[in-house]
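Chemist: Following this line is input_33.pdb, made up of PDB, C-alpha atoms:
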MODEL        1
ATOM      1  CA  MET A   1     100.385 123.339 108.136  1.00  0.00           C
ATOM      2  CA  ILE A   2     101.739 120.688 105.754  1.00  0.00           C
ATOM      3  CA  VAL A   3     100.472 118.931 102.638  1.00  0.00           C
ATOM      4  CA  VAL A   4     101.505 115.321 102.070  1.00  0.00           C
ATOM      5  CA  SER A   5     101.276 114.061  98.501  1.00  0.00           C
ATOM      6  CA  ASN A   6     101.717 110.433  97.543  1.00  0.00           C
ATOM      7  CA  ARG A   7     102.090 110.101  93.761  1.00  0.00           C
ATOM      8  CA  ILE A   8     101.097 106.633  92.623  1.00  0.00           C
ATOM      9  CA  SER A   9     101.437 105.562  88.990  1.00  0.00           C
ATOM     10  CA  VAL A  10      98.739 103.059  88.104  1.00  0.00           C
ATOM     11  CA  LYS A  11      98.422 101.238  84.793  1.00  0.00           C
ATOM     12  CA  PRO A  12      95.183 102.271  83.032  1.00  0.00           C
ATOM     13  CA  GLU A  13      93.686  98.773  83.158  1.00  0.00           C
ATOM     14  CA  TYR A  14      93.872  98.900  86.993  1.00  0.00           C
ATOM     15  CA  ALA A  15      92.575 102.465  87.437  1.00  0.00           C
ATOM     16  CA  GLU A  16      89.002 101.451  88.282  1.00  0.00           C
ATOM     17  CA  ALA A  17      90.151  98.917  90.890  1.00  0.00           C
ATOM     18  CA  PHE A  18      92.550 101.480  92.368  1.00  0.00           C
ATOM     19  CA  GLU A  19      89.771 104.052  92.732  1.00  0.00           C
ATOM     20  CA  GLU A  20      87.446 101.443  94.211  1.00  0.00           C
ATOM     21  CA  ARG A  21      90.074 100.592  96.820  1.00  0.00           C
ATOM     22  CA  PHE A  22      90.008 104.198  97.977  1.00  0.00           C
ATOM     23  CA  ALA A  23      86.203 104.383  97.845  1.00  0.00           C
ATOM     24  CA  ASN A  24      86.152 101.463 100.298  1.00  0.00           C
ATOM     25  CA  ARG A  25      89.016 102.681 102.485  1.00  0.00           C
ATOM     26  CA  ALA A  26      88.816 102.482 106.259  1.00  0.00           C
ATOM     27  CA  ALA A  27      88.641 106.317 106.575  1.00  0.00           C
ATOM     28  CA  MET A  28      90.307 106.297 109.985  1.00  0.00           C
ATOM     29  CA  VAL A  29      92.538 109.226 109.099  1.00  0.00           C
ATOM     30  CA  GLU A  30      89.624 111.648 109.408  1.00  0.00           C
ATOM     31  CA  GLN A  31      89.492 110.971 113.159  1.00  0.00           C
ATOM     32  CA  ARG A  32      93.166 111.772 113.797  1.00  0.00           C
ATOM     33  CA  GLU A  33      94.151 114.835 115.766  1.00  0.00           C
ATOM     34  CA  GLY A  34      95.717 117.382 113.452  1.00  0.00           C
ATOM     35  CA  PHE A  35      94.098 115.996 110.290  1.00  0.00           C
ATOM     36  CA  ILE A  36      92.565 118.639 108.009  1.00  0.00           C
ATOM     37  CA  SER A  37      91.642 117.059 104.663  1.00  0.00           C
ATOM     38  CA  PHE A  38      91.996 114.139 102.263  1.00  0.00           C
ATOM     39  CA  ARG A  39      91.836 114.179  98.468  1.00  0.00           C
ATOM     40  CA  LEU A  40      92.322 111.522  95.815  1.00  0.00           C
ATOM     41  CA  LEU A  41      93.203 113.173  92.505  1.00  0.00           C
ATOM     42  CA  ARG A  42      92.679 111.317  89.228  1.00  0.00           C
ATOM     43  CA  PRO A  43      95.092 112.284  86.451  1.00  0.00           C
ATOM     44  CA  SER A  44      93.561 113.690  83.270  1.00  0.00           C
ATOM     45  CA  ASP A  45      96.350 111.907  81.377  1.00  0.00           C
ATOM     46  CA  PRO A  46      96.467 108.160  82.218  1.00  0.00           C
ATOM     47  CA  GLU A  47     100.246 108.287  81.859  1.00  0.00           C
ATOM     48  CA  HIS A  48     100.456 110.599  84.888  1.00  0.00           C
ATOM     49  CA  PRO A  49     100.196 109.417  88.507  1.00  0.00           C
ATOM     50  CA  TYR A  50      97.244 109.603  90.854  1.00  0.00           C
ATOM     51  CA  VAL A  51      97.867 111.916  93.784  1.00  0.00           C
ATOM     52  CA  VAL A  52      96.728 111.007  97.286  1.00  0.00           C
ATOM     53  CA  MET A  53      96.823 114.294  99.180  1.00  0.00           C
ATOM     54  CA  THR A  54      96.341 114.931 102.881  1.00  0.00           C
ATOM     55  CA  THR A  55      96.628 118.198 104.770  1.00  0.00           C
ATOM     56  CA  TRP A  56      97.776 118.313 108.397  1.00  0.00           C
ATOM     57  CA  GLU A  57      98.102 120.952 111.102  1.00  0.00           C
ATOM     58  CA  SER A  58     101.734 119.921 111.638  1.00  0.00           C
ATOM     59  CA  HIS A  59     104.438 117.475 110.625  1.00  0.00           C
ATOM     60  CA  GLU A  60     104.157 115.971 114.114  1.00  0.00           C
ATOM     61  CA  ALA A  61     100.452 115.199 113.571  1.00  0.00           C
ATOM     62  CA  PHE A  62     101.256 113.449 110.284  1.00  0.00           C
ATOM     63  CA  THR A  63     104.100 111.471 111.872  1.00  0.00           C
ATOM     64  CA  ALA A  64     101.824 110.390 114.742  1.00  0.00           C
ATOM     65  CA  TRP A  65      99.341 109.107 112.137  1.00  0.00           C
ATOM     66  CA  THR A  66     102.007 107.088 110.292  1.00  0.00           C
ATOM     67  CA  GLU A  67     103.110 105.501 113.577  1.00  0.00           C
ATOM     68  CA  SER A  68      99.571 104.586 114.698  1.00  0.00           C
ATOM     69  CA  GLU A  69      97.764 101.263 114.751  1.00  0.00           C
ATOM     70  CA  GLU A  70      95.008 102.870 112.662  1.00  0.00           C
ATOM     71  CA  PHE A  71      97.528 103.661 109.916  1.00  0.00           C
ATOM     72  CA  ARG A  72      98.756 100.056 109.849  1.00  0.00           C
ATOM     73  CA  HIS A  73      95.196  98.761 109.747  1.00  0.00           C
ATOM     74  CA  GLY A  74      94.097 101.231 107.061  1.00  0.00           C
ATOM     75  CA  HIS A  75      97.059 100.425 104.847  1.00  0.00           C
ATOM     76  CA  ALA A  76      96.755  96.654 105.269  1.00  0.00           C
ATOM     77  CA  GLN A  77      94.347  96.685 102.307  1.00  0.00           C
ATOM     78  CA  SER A  78      96.924  98.430 100.092  1.00  0.00           C
ATOM     79  CA  GLY A  79      98.133  95.052  98.927  1.00  0.00           C
ATOM     80  CA  THR A  80      94.793  94.242  97.309  1.00  0.00           C
ATOM     81  CA  LEU A  81      96.057  95.160  93.827  1.00  0.00           C
ATOM     82  CA  PRO A  82      98.753  93.027  92.241  1.00  0.00           C
ATOM     83  CA  GLU A  83     102.246  94.488  91.991  1.00  0.00           C
ATOM     84  CA  GLU A  84     101.941  94.681  88.210  1.00  0.00           C
ATOM     85  CA  ALA A  85      99.131  97.249  88.612  1.00  0.00           C
ATOM     86  CA  TYR A  86     101.724  99.901  89.396  1.00  0.00           C
ATOM     87  CA  ARG A  87     104.400 101.602  87.331  1.00  0.00           C
ATOM     88  CA  GLY A  88     107.148 101.724  89.902  1.00  0.00           C
ATOM     89  CA  MET A  89     107.232 102.867  93.491  1.00  0.00           C
ATOM     90  CA  PRO A  90     105.030 105.644  94.888  1.00  0.00           C
ATOM     91  CA  VAL A  91     106.681 109.018  95.481  1.00  0.00           C
ATOM     92  CA  LEU A  92     105.948 110.701  98.815  1.00  0.00           C
ATOM     93  CA  GLU A  93     106.324 114.485  99.029  1.00  0.00           C
ATOM     94  CA  ILE A  94     105.813 116.704 102.070  1.00  0.00           C
ATOM     95  CA  HIS A  95     105.410 120.450 101.666  1.00  0.00           C
ATOM     96  CA  SER A  96     104.984 123.225 104.220  1.00  0.00           C
ATOM     97  CA  VAL A  97     102.163 125.605 103.382  1.00  0.00           C
ATOM     98  CA  ILE A  98     103.534 129.120 103.167  1.00  0.00           C
ATOM     99  CA  GLN A  99     100.507 130.691 101.511  1.00  0.00           C
ATOM    100  CA  ASP A 100      96.849 129.643 101.539  1.00  0.00           C
ATOM    101  CA  ALA A 101      93.800 131.385 100.095  1.00  0.00           C
TER     102      ALA A 101
ENDMDL
END
Written as structure tokens, how would this file's structure read?
Modeler:
Amino acid sequence: MIVVSNRISVKPEYAEAFEERFANRAAMVEQREGFISFRLLRPSDPEHPYVVMTTWESHEAFTAWTESEEFRHGHAQSGTLPEEAYRGMPVLEIHSVIQDA
């Protein structure tokens, strides 16, 4: 099992629009084979990044998602916020789960 975290730094004045974008997302990922869960984490400190977190049965399942037409369609709306809404580039992290409770 893997956890994929995408850390996205959003300027405070765009936080509401950023959250709304996710509230209205296509939600196609939930139908993908190997998908386990999705979470959008809001930082308690506005200077910290949001974390978009998905859990997958395997790295192969995640890779298949990123190469799918559904992924391209779902992320087509990601350009709805202006570039100045973000503080730099997102940081993608992939971790293998070695312990789960």
Chemist: Give the answer as one residue: which of A:Val29, A:Val97, A:Leu81, A:Ala15 has the shortest atom-to-atom distance to Thr66 of chain A, using all atoms listed in the file?
Modeler: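 Looking at the shortest contact to Thr66 of chain A, the residue is A:Val29.
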Chemist: List the neighbours of Ala61 of chain A out to 9 Å using all atoms listed in the file; skip same-chain residues closer than 2 positions along the sequence, and give me the result as a PyMOL selection string.
Modeler: chain A and resi 32-35+56-59+63-66
Chemist: Between A:Gly88, A:Gly74, A:Pro82, A:Pro12, single out the one closest to Pro43 of chain A, counting only C-alpha atoms.
Modeler: A:Pro12
Chemist: Using all atoms listed in the file for the distances, tell me which of A:Asp100, A:Glu69, A:Glu60, A:Glu19 is nearest to Leu41 of chain A.
Modeler: A:Glu19
Chemist: Figure out the distance between atom CA of Met1 of chain A and atom CA of Ile36 of chain A, please, to one decimal in Å.
Modeler: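 Computing it gives 9.1 Å between the two atoms.
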Chemist: Would you mind putting back N, CA and C atoms on segment 40-72 of chain A, then writing it out as an mmCIF file, in the frame of the given file?
Modeler:
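Printed below is result.cif as written:
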data_model
loop_
_atom_site.group_PDB
_atom_site.id
_atom_site.type_symbol
_atom_site.label_atom_id
_atom_site.label_comp_id
_atom_site.auth_asym_id
_atom_site.auth_seq_id
_atom_site.Cartn_x
_atom_site.Cartn_y
_atom_site.Cartn_z
ATOM 1 N N LEU A 40 91.759 112.449 96.791
ATOM 2 C CA LEU A 40 92.322 111.522 95.815
ATOM 3 C C LEU A 40 92.138 112.192 94.463
ATOM 4 N N LEU A 41 93.243 112.476 93.781
ATOM 5 C CA LEU A 41 93.203 113.173 92.505
ATOM 6 C C LEU A 41 93.468 112.201 91.365
ATOM 7 N N ARG A 42 92.541 112.163 90.417
ATOM 8 C CA ARG A 42 92.679 111.317 89.228
ATOM 9 C C ARG A 42 93.387 112.126 88.142
ATOM 10 N N PRO A 43 94.401 111.548 87.509
ATOM 11 C CA PRO A 43 95.092 112.284 86.451
ATOM 12 C C PRO A 43 94.213 112.406 85.203
ATOM 13 N N SER A 44 94.290 113.543 84.528
ATOM 14 C CA SER A 44 93.561 113.690 83.270
ATOM 15 C C SER A 44 94.280 112.936 82.150
ATOM 16 N N ASP A 45 95.557 112.704 82.317
ATOM 17 C CA ASP A 45 96.350 111.907 81.377
ATOM 18 C C ASP A 45 96.679 110.587 82.071
ATOM 19 N N PRO A 46 96.229 109.444 81.552
ATOM 20 C CA PRO A 46 96.467 108.160 82.218
ATOM 21 C C PRO A 46 97.947 107.804 82.375
ATOM 22 N N GLU A 47 98.809 108.525 81.707
ATOM 23 C CA GLU A 47 100.246 108.287 81.859
ATOM 24 C C GLU A 47 100.810 108.990 83.097
ATOM 25 N N HIS A 48 100.020 109.878 83.686
ATOM 26 C CA HIS A 48 100.456 110.599 84.888
ATOM 27 C C HIS A 48 99.979 109.867 86.134
ATOM 28 N N PRO A 49 100.597 110.126 87.287
ATOM 29 C CA PRO A 49 100.196 109.417 88.507
ATOM 30 C C PRO A 49 98.935 109.985 89.150
ATOM 31 N N TYR A 50 98.257 109.137 89.917
ATOM 32 C CA TYR A 50 97.244 109.603 90.854
ATOM 33 C C TYR A 50 97.986 110.347 91.955
ATOM 34 N N VAL A 51 97.276 111.243 92.634
ATOM 35 C CA VAL A 51 97.867 111.916 93.784
ATOM 36 C C VAL A 51 96.920 111.721 94.965
ATOM 37 N N VAL A 52 97.452 111.126 96.028
ATOM 38 C CA VAL A 52 96.728 111.007 97.286
ATOM 39 C C VAL A 52 97.260 112.147 98.150
ATOM 40 N N MET A 53 96.382 113.075 98.521
ATOM 41 C CA MET A 53 96.823 114.294 99.180
ATOM 42 C C MET A 53 96.118 114.452 100.521
ATOM 43 N N THR A 54 96.900 114.620 101.571
ATOM 44 C CA THR A 54 96.341 114.931 102.881
ATOM 45 C C THR A 54 96.956 116.223 103.385
ATOM 46 N N THR A 55 96.172 116.952 104.160
ATOM 47 C CA THR A 55 96.628 118.198 104.770
ATOM 48 C C THR A 55 96.562 118.027 106.288
ATOM 49 N N TRP A 56 97.608 118.495 106.953
ATOM 50 C CA TRP A 56 97.776 118.313 108.397
ATOM 51 C C TRP A 56 98.119 119.627 109.070
ATOM 52 N N GLU A 57 97.749 119.763 110.327
ATOM 53 C CA GLU A 57 98.102 120.952 111.102
ATOM 54 C C GLU A 57 99.607 121.056 111.297
ATOM 55 N N SER A 58 100.291 119.902 111.384
ATOM 56 C CA SER A 58 101.734 119.921 111.638
ATOM 57 C C SER A 58 102.374 118.633 111.141
ATOM 58 N N HIS A 59 103.685 118.674 110.990
ATOM 59 C CA HIS A 59 104.438 117.475 110.625
ATOM 60 C C HIS A 59 104.322 116.438 111.734
ATOM 61 N N GLU A 60 104.281 116.887 112.976
ATOM 62 C CA GLU A 60 104.157 115.971 114.114
ATOM 63 C C GLU A 60 102.839 115.205 114.066
ATOM 64 N N ALA A 61 101.755 115.875 113.681
ATOM 65 C CA ALA A 61 100.452 115.199 113.571
ATOM 66 C C ALA A 61 100.497 114.128 112.491
ATOM 67 N N PHE A 62 101.126 114.439 111.356
ATOM 68 C CA PHE A 62 101.256 113.449 110.284
ATOM 69 C C PHE A 62 102.110 112.264 110.746
ATOM 70 N N THR A 63 103.227 112.547 111.391
ATOM 71 C CA THR A 63 104.100 111.471 111.872
ATOM 72 C C THR A 63 103.368 110.583 112.867
ATOM 73 N N ALA A 64 102.594 111.183 113.769
ATOM 74 C CA ALA A 64 101.824 110.390 114.742
ATOM 75 C C ALA A 64 100.847 109.467 114.019
ATOM 76 N N TRP A 65 100.237 109.946 112.927
ATOM 77 C CA TRP A 65 99.341 109.107 112.137
ATOM 78 C C TRP A 65 100.096 107.924 111.548
ATOM 79 N N THR A 66 101.265 108.170 110.947
ATOM 80 C CA THR A 66 102.007 107.088 110.292
ATOM 81 C C THR A 66 102.531 106.061 111.285
ATOM 82 N N GLU A 67 102.623 106.425 112.552
ATOM 83 C CA GLU A 67 103.110 105.501 113.577
ATOM 84 C C GLU A 67 101.975 104.833 114.348
ATOM 85 N N SER A 68 100.726 105.091 113.951
ATOM 86 C CA SER A 68 99.571 104.586 114.698
ATOM 87 C C SER A 68 99.117 103.209 114.221
ATOM 88 N N GLU A 69 98.378 102.548 115.088
ATOM 89 C CA GLU A 69 97.764 101.263 114.751
ATOM 90 C C GLU A 69 96.715 101.456 113.658
ATOM 91 N N GLU A 70 96.014 102.584 113.680
ATOM 92 C CA GLU A 70 95.008 102.870 112.662
ATOM 93 C C GLU A 70 95.641 102.972 111.273
ATOM 94 N N PHE A 71 96.815 103.563 111.192
ATOM 95 C CA PHE A 71 97.528 103.661 109.916
ATOM 96 C C PHE A 71 97.856 102.263 109.389
ATOM 97 N N ARG A 72 98.411 101.421 110.263
ATOM 98 C CA ARG A 72 98.756 100.056 109.849
ATOM 99 C C ARG A 72 97.511 99.297 109.387
#
